[in-house]
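The data block below is data27.cif; it holds mmCIF, C-alpha atoms.
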```cif
data_structure
loop_
_atom_site.label_atom_id
_atom_site.label_comp_id
_atom_site.auth_asym_id
_atom_site.auth_seq_id
_atom_site.Cartn_x
_atom_site.Cartn_y
_atom_site.Cartn_z
CA MET A 1 -12.79 14.71 14.78
CA ASN A 2 -10.17 13.87 12.19
CA VAL A 3 -6.61 12.63 12.06
CA ASP A 4 -5.16 16.12 11.60
CA VAL A 5 -6.80 17.38 14.78
CA VAL A 6 -5.59 14.40 16.82
CA VAL A 7 -2.05 14.71 15.49
CA ARG A 8 -1.95 18.44 16.25
CA VAL A 9 -3.27 17.88 19.77
CA LEU A 10 -0.78 15.11 20.54
CA ALA A 11 2.18 16.77 18.78
CA GLU A 12 3.02 18.84 21.86
CA PRO A 13 5.14 16.71 24.25
CA ALA A 14 3.40 17.86 27.46
CA ARG A 15 -0.04 17.06 26.03
CA LEU A 16 1.16 13.66 24.89
CA LYS A 17 2.48 12.90 28.39
CA VAL A 18 -0.77 14.05 29.96
CA TYR A 19 -2.82 11.95 27.56
CA ALA A 20 -0.64 8.90 28.21
CA ALA A 21 -1.04 9.32 31.96
CA ILE A 22 -4.82 9.53 31.58
CA VAL A 23 -4.93 6.43 29.39
CA LEU A 24 -2.82 4.62 32.01
CA GLY A 25 -5.25 5.53 34.80
CA ALA A 26 -4.42 8.97 36.17
CA ARG A 27 -7.67 10.89 36.58
CA THR A 28 -7.03 14.06 38.57
CA PRO A 29 -4.63 16.90 37.78
CA THR A 30 -2.59 15.98 40.87
CA GLU A 31 -2.23 12.35 39.75
CA ILE A 32 -1.24 13.54 36.28
CA VAL A 33 1.42 15.87 37.70
CA ASP A 34 2.78 13.04 39.88
CA ARG A 35 3.01 10.60 36.95
CA THR A 36 4.33 12.97 34.30
CA GLY A 37 6.36 15.65 36.03
CA VAL A 38 4.49 18.24 33.96
CA ASP A 39 3.67 21.33 36.06
CA LEU A 40 0.07 21.93 37.10
CA ARG A 41 -0.47 24.94 34.83
CA ASP A 42 0.66 22.97 31.74
CA VAL A 43 -1.54 20.02 32.81
CA ALA A 44 -4.56 22.33 32.92
CA VAL A 45 -3.81 23.65 29.41
CA ALA A 46 -3.20 20.11 28.12
CA LEU A 47 -6.50 18.89 29.60
CA ARG A 48 -8.38 21.70 27.88
CA LYS A 49 -6.71 20.99 24.50
CA LEU A 50 -7.24 17.22 24.84
CA SER A 51 -10.89 17.81 25.64
CA GLU A 52 -11.34 20.19 22.69
CA GLY A 53 -9.64 17.61 20.45
CA GLY A 54 -12.11 14.93 21.52
CA LEU A 55 -9.53 12.70 23.19
CA VAL A 56 -10.50 13.30 26.82
CA GLU A 57 -13.81 13.85 28.55
CA LEU A 58 -13.57 16.25 31.48
CA ARG A 59 -15.91 15.33 34.29
CA ARG A 60 -16.41 17.11 37.58
CA ASP A 61 -13.88 14.93 39.42
CA ALA A 62 -11.85 13.23 36.68
CA ALA A 63 -10.40 13.30 33.20
CA VAL A 64 -11.36 10.16 31.29
CA PRO A 65 -10.04 9.04 27.90
CA VAL A 66 -12.68 8.85 25.19
CA GLU A 67 -12.95 5.21 24.14
CA GLY A 68 -12.71 4.16 20.53
CA VAL A 69 -11.17 7.36 19.19
CA PHE A 70 -8.34 5.67 17.33
CA GLY A 71 -10.49 2.84 16.00
CA SER A 72 -12.96 5.38 14.69
CA LEU A 73 -10.17 7.38 13.05
CA ALA A 74 -8.68 4.25 11.51
CA ARG A 75 -12.03 3.28 9.99
CA SER A 76 -12.65 6.78 8.66
CA THR A 77 -9.26 7.06 6.96
CA VAL A 78 -9.17 3.71 5.15
CA GLN A 79 -7.69 4.42 1.76
CA THR A 80 -9.05 2.61 -1.24
CA VAL A 81 -6.59 1.55 -3.90
CA PRO A 82 -7.39 3.35 -7.14
CA VAL A 83 -8.52 0.95 -9.83
CA GLU A 84 -5.92 0.73 -12.57
CA ASP A 85 -7.08 0.64 -16.15
CA HIS A 86 -4.82 -1.58 -18.24
CA GLY A 87 -6.64 -0.69 -21.44
CA TYR A 88 -8.40 -3.99 -22.16
CA ALA A 89 -11.93 -4.10 -23.53
CA ASP A 90 -12.15 -7.73 -22.41
CA ALA A 91 -13.51 -7.57 -18.84
CA ARG A 92 -11.95 -10.94 -17.92
CA ALA A 93 -8.46 -9.84 -18.99
CA GLU A 94 -8.84 -6.45 -17.32
CA GLY A 95 -10.04 -8.12 -14.10
CA LEU A 96 -7.09 -10.52 -14.04
CA LEU A 97 -4.63 -7.72 -14.59
CA ARG A 98 -6.18 -5.69 -11.77
CA VAL A 99 -5.54 -8.62 -9.43
CA TRP A 100 -2.04 -9.54 -10.59
CA VAL A 101 -0.50 -6.25 -11.85
CA ARG A 102 -0.24 -3.04 -9.82
CA GLY A 103 1.71 0.05 -10.72
CA GLY A 104 3.40 -1.71 -13.62
CA ARG A 105 4.59 -4.53 -11.35
CA LEU A 106 3.70 -8.20 -11.55
CA LEU A 107 2.60 -9.36 -8.09
CA GLY A 108 2.74 -13.05 -8.95
CA LEU A 109 1.42 -15.58 -11.44
CA PRO A 110 -1.80 -17.57 -11.14
CA ALA A 111 -1.60 -21.37 -11.07
CA SER A 112 -4.24 -21.69 -13.79
CA ARG A 113 -2.61 -21.85 -17.24
CA GLY A 114 -5.45 -19.90 -18.86
CA ARG A 115 -5.18 -17.03 -16.41
CA ARG A 116 -1.39 -17.12 -16.52
CA MET A 117 -1.53 -16.85 -20.33
CA VAL A 118 -3.51 -13.61 -20.09
CA LEU A 119 -0.74 -12.12 -17.93
CA LEU A 120 2.07 -13.50 -20.08
CA GLU A 121 0.45 -12.08 -23.22
CA HIS A 122 0.29 -8.73 -21.44
CA LEU A 123 3.95 -8.92 -20.41
CA VAL A 124 5.20 -9.95 -23.84
CA GLN A 125 3.90 -6.65 -25.20
CA SER A 126 7.00 -5.15 -23.59
CA PHE A 127 8.95 -6.59 -26.53
CA GLU A 128 8.55 -5.28 -30.07
CA PRO A 129 7.76 -7.86 -32.75
CA GLY A 130 10.64 -8.41 -35.19
CA VAL A 131 13.29 -7.01 -32.81
CA ASP A 132 16.18 -9.14 -31.51
CA TYR A 133 16.94 -8.90 -27.78
CA SER A 134 19.95 -10.14 -25.85
CA GLU A 135 19.37 -12.13 -22.68
CA SER A 136 20.47 -9.17 -20.57
CA GLU A 137 17.91 -6.92 -22.33
CA VAL A 138 15.13 -9.46 -21.73
CA ASN A 139 16.22 -9.82 -18.09
CA ALA A 140 16.22 -6.03 -17.59
CA VAL A 141 12.65 -5.71 -18.91
CA LEU A 142 11.37 -8.66 -16.87
CA THR A 143 13.21 -7.54 -13.72
CA GLU A 144 11.27 -4.27 -13.90
CA TRP A 145 8.02 -6.23 -14.09
CA THR A 146 8.88 -8.56 -11.19
CA ALA A 147 10.51 -6.13 -8.76
CA GLY A 148 8.89 -6.58 -5.36
CA GLY A 149 6.62 -9.41 -6.49
CA ARG A 150 6.44 -13.09 -5.61
CA VAL A 151 7.88 -14.33 -8.90
CA ASP A 152 11.33 -13.74 -10.36
CA HIS A 153 12.30 -12.64 -13.86
CA VAL A 154 13.87 -16.02 -14.69
CA THR A 155 10.59 -17.84 -14.03
CA VAL A 156 8.67 -15.35 -16.16
CA ARG A 157 11.23 -15.66 -18.97
CA ARG A 158 10.91 -19.46 -18.84
CA TYR A 159 7.10 -19.24 -19.05
CA LEU A 160 7.31 -16.83 -22.00
CA ILE A 161 9.56 -19.25 -23.85
CA ASP A 162 7.58 -22.37 -22.89
CA GLU A 163 4.35 -20.75 -24.08
CA ASP A 164 5.95 -19.69 -27.41
CA LEU A 165 5.57 -16.01 -26.67
CA LEU A 166 9.34 -15.52 -26.89
CA LYS A 167 11.73 -17.61 -29.02
CA ARG A 168 15.35 -18.11 -28.01
CA THR A 169 17.90 -18.98 -30.68
CA ASP A 170 21.64 -18.88 -29.97
CA GLY A 171 21.13 -16.54 -27.00
CA ILE A 172 18.97 -14.10 -29.00
CA TYR A 173 15.35 -13.57 -28.02
CA ARG A 174 12.56 -12.51 -30.34
CA ARG A 175 8.89 -12.01 -29.64
CA SER A 176 6.97 -14.82 -31.32
CA GLY A 177 3.47 -14.60 -29.89
CA GLY A 178 0.82 -12.59 -28.14
CA TRP A 179 -1.50 -10.11 -29.66
CA THR A 180 -0.30 -6.97 -31.39
CA ASP A 181 -2.13 -3.66 -31.30
CA VAL A 182 -2.51 -2.63 -34.93
CA SER A 183 -4.52 0.53 -34.23
CA ALA A 184 -1.50 2.54 -33.18
#
```
As structure tokens:
Amino acid sequence: MNVDVVVRVLAEPARLKVYAAIVLGARTPTEIVDRTGVDLRDVAVALRKLSEGGLVELRRDAAVPVEGVFGSLARSTVQTVPVEDHGYADARAEGLLRVWVRGGRLLGLPASRGRRMVLLEHLVQSFEPGVDYSESEVNAVLTEWTAGGRVDHVTVRRYLIDEDLLKRTDGIYRRSGGWTDVSA
């Protein structure tokens, strides 16, 4: 059984009503008709489809819901998050970025200065060395990084300045630290 089968079986309103009635304790076709208002012929068809879909067990005298179906489906469809490659040969840096950066977004900042520096050095690469940036340009770049995370662009900007990765002079920002890729 898979999610597609269950969704297809329950997508028809009469079958959904019949299944709900069975889960809530109706066992015979007559009880199901009484609780749902679905006519007997449609109940019979629904019972057959629910049984074929693995949601209901048809016994001689009763229709019984199959226990654990949804838990089993939930466990079988757990999606794993693809591992992002941030391009670092240093396993420690790559590992930190996998924890704190997803989809080009900064999720937060670690309390440890050493770990935070790895992230800040990664973020500062968004600014070209030797180029002057206005505060609004810096804010726009950092807002992209922090959208949806637990840290705001102002805090990140402050850390970049405090750690001498960005210099601010008369409202103009310039990258002043971090590593530079010279292979490109």
Which residue, A:Ala147, A:Glu31, A:Val83, A:Leu50, has the smallest gap to Gly95 (chain A) when you use all atoms listed in the file?
A:Val83
Hey, can you check how far CA of Val38 (chain A) sits from CA of Gly71 (chain A)?
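Separating CA of Val38 (chain A) from CA of Gly71 (chain A) is a distance of 28.0 Å.
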Contacts of Ala140 (chain A) at 9 Å or less, counting all atoms listed in the file, minus same-chain residues fewer than 5 places along, as a short mmCIF file (atom, residue, chain, number, x, y, z; two decimals) with C-alpha atoms, keeping the file's coordinate frame?
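selection-v3.cif was written with the following content:
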```cif
data_model
loop_
_atom_site.label_atom_id
_atom_site.label_comp_id
_atom_site.auth_asym_id
_atom_site.auth_seq_id
_atom_site.Cartn_x
_atom_site.Cartn_y
_atom_site.Cartn_z
CA GLU A 135 19.37 -12.13 -22.68
CA TRP A 145 8.02 -6.23 -14.09
CA HIS A 153 12.30 -12.64 -13.86
#
```
Evaluate the PyMOL selection byres ((chain A and resi 57) around 12) and record the selected residues as an mmCIF file with C-alpha atoms, in the coordinates of the input, following the chain and residue labels used in the document.
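So the final result, stored in selection27.cif, reads:
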```cif
data_model
loop_
_atom_site.group_PDB
_atom_site.id
_atom_site.type_symbol
_atom_site.label_atom_id
_atom_site.label_comp_id
_atom_site.auth_asym_id
_atom_site.auth_seq_id
_atom_site.Cartn_x
_atom_site.Cartn_y
_atom_site.Cartn_z
ATOM 1 C CA TYR A 19 -2.820 11.950 27.560
ATOM 2 C CA ILE A 22 -4.820 9.530 31.580
ATOM 3 C CA VAL A 23 -4.930 6.430 29.390
ATOM 4 C CA ARG A 27 -7.670 10.890 36.580
ATOM 5 C CA LEU A 47 -6.500 18.890 29.600
ATOM 6 C CA ARG A 48 -8.380 21.700 27.880
ATOM 7 C CA LYS A 49 -6.710 20.990 24.500
ATOM 8 C CA LEU A 50 -7.240 17.220 24.840
ATOM 9 C CA SER A 51 -10.890 17.810 25.640
ATOM 10 C CA GLU A 52 -11.340 20.190 22.690
ATOM 11 C CA GLY A 53 -9.640 17.610 20.450
ATOM 12 C CA GLY A 54 -12.110 14.930 21.520
ATOM 13 C CA LEU A 55 -9.530 12.700 23.190
ATOM 14 C CA VAL A 56 -10.500 13.300 26.820
ATOM 15 C CA LEU A 58 -13.570 16.250 31.480
ATOM 16 C CA ARG A 59 -15.910 15.330 34.290
ATOM 17 C CA ARG A 60 -16.410 17.110 37.580
ATOM 18 C CA ASP A 61 -13.880 14.930 39.420
ATOM 19 C CA ALA A 62 -11.850 13.230 36.680
ATOM 20 C CA ALA A 63 -10.400 13.300 33.200
ATOM 21 C CA VAL A 64 -11.360 10.160 31.290
ATOM 22 C CA PRO A 65 -10.040 9.040 27.900
ATOM 23 C CA VAL A 66 -12.680 8.850 25.190
ATOM 24 C CA GLU A 67 -12.950 5.210 24.140
ATOM 25 C CA VAL A 69 -11.170 7.360 19.190
#
```
So how far away is CA of Thr77 (chain A) from CA of Ala46 (chain A), in Å?
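That distance, rounded to one decimal, is 25.6 Å.
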On this structure, which residues satisfy the PyMOL selection byres ((chain A and resi 152) around 12), written as a ChimeraX atom specification?
/A:105-109,139-151,153-159
Evaluate the PyMOL selection byres ((chain A and resi 173) around 8) and record the selected residues as a short mmCIF file (atom, residue, chain, number, x, y, z; two decimals) with C-alpha atoms, in the coordinates of the input, following the chain and residue labels used in the document.
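Written out: selection_37.cif:
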```
data_model
loop_
_atom_site.label_atom_id
_atom_site.label_comp_id
_atom_site.auth_asym_id
_atom_site.auth_seq_id
_atom_site.Cartn_x
_atom_site.Cartn_y
_atom_site.Cartn_z
CA ASP A 132 16.18 -9.14 -31.51
CA TYR A 133 16.94 -8.90 -27.78
CA SER A 134 19.95 -10.14 -25.85
CA GLU A 135 19.37 -12.13 -22.68
CA VAL A 138 15.13 -9.46 -21.73
CA LEU A 166 9.34 -15.52 -26.89
CA LYS A 167 11.73 -17.61 -29.02
CA ARG A 168 15.35 -18.11 -28.01
CA THR A 169 17.90 -18.98 -30.68
CA GLY A 171 21.13 -16.54 -27.00
CA ILE A 172 18.97 -14.10 -29.00
CA ARG A 174 12.56 -12.51 -30.34
CA ARG A 175 8.89 -12.01 -29.64
#
```
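Proximity of A:Leu10, A:Ala93, A:Leu165, A:Ala26 to Pro129 (chain A), computed with only C-alpha atoms, is greatest for A:Leu165.
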Interatomic distance, CA of Arg115 (chain A) to CA of Leu96 (chain A) (Å, one decimal):
7.2 Å
Shell around Val118 (chain A) at 12 Å using all atoms listed in the file, local window under 2 positions removed, as an MDAnalysis selection string
chainID A and resid 88 90:101 109:110 112:116 120:125 160 163 165 178:179
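Proximity to Gly37 (chain A) was assessed for A:Ile161, A:Ala111, A:Ala11, A:Val18 counting only C-alpha atoms; the smallest distance is recorded for A:Val18.
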So, counting all atoms listed in the file, which residue among A:Val33, A:Val131, A:Val45, A:Ala14 is closest to Ser176 (chain A)?
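Result for the nearest residue to Ser176 (chain A): A:Val131.
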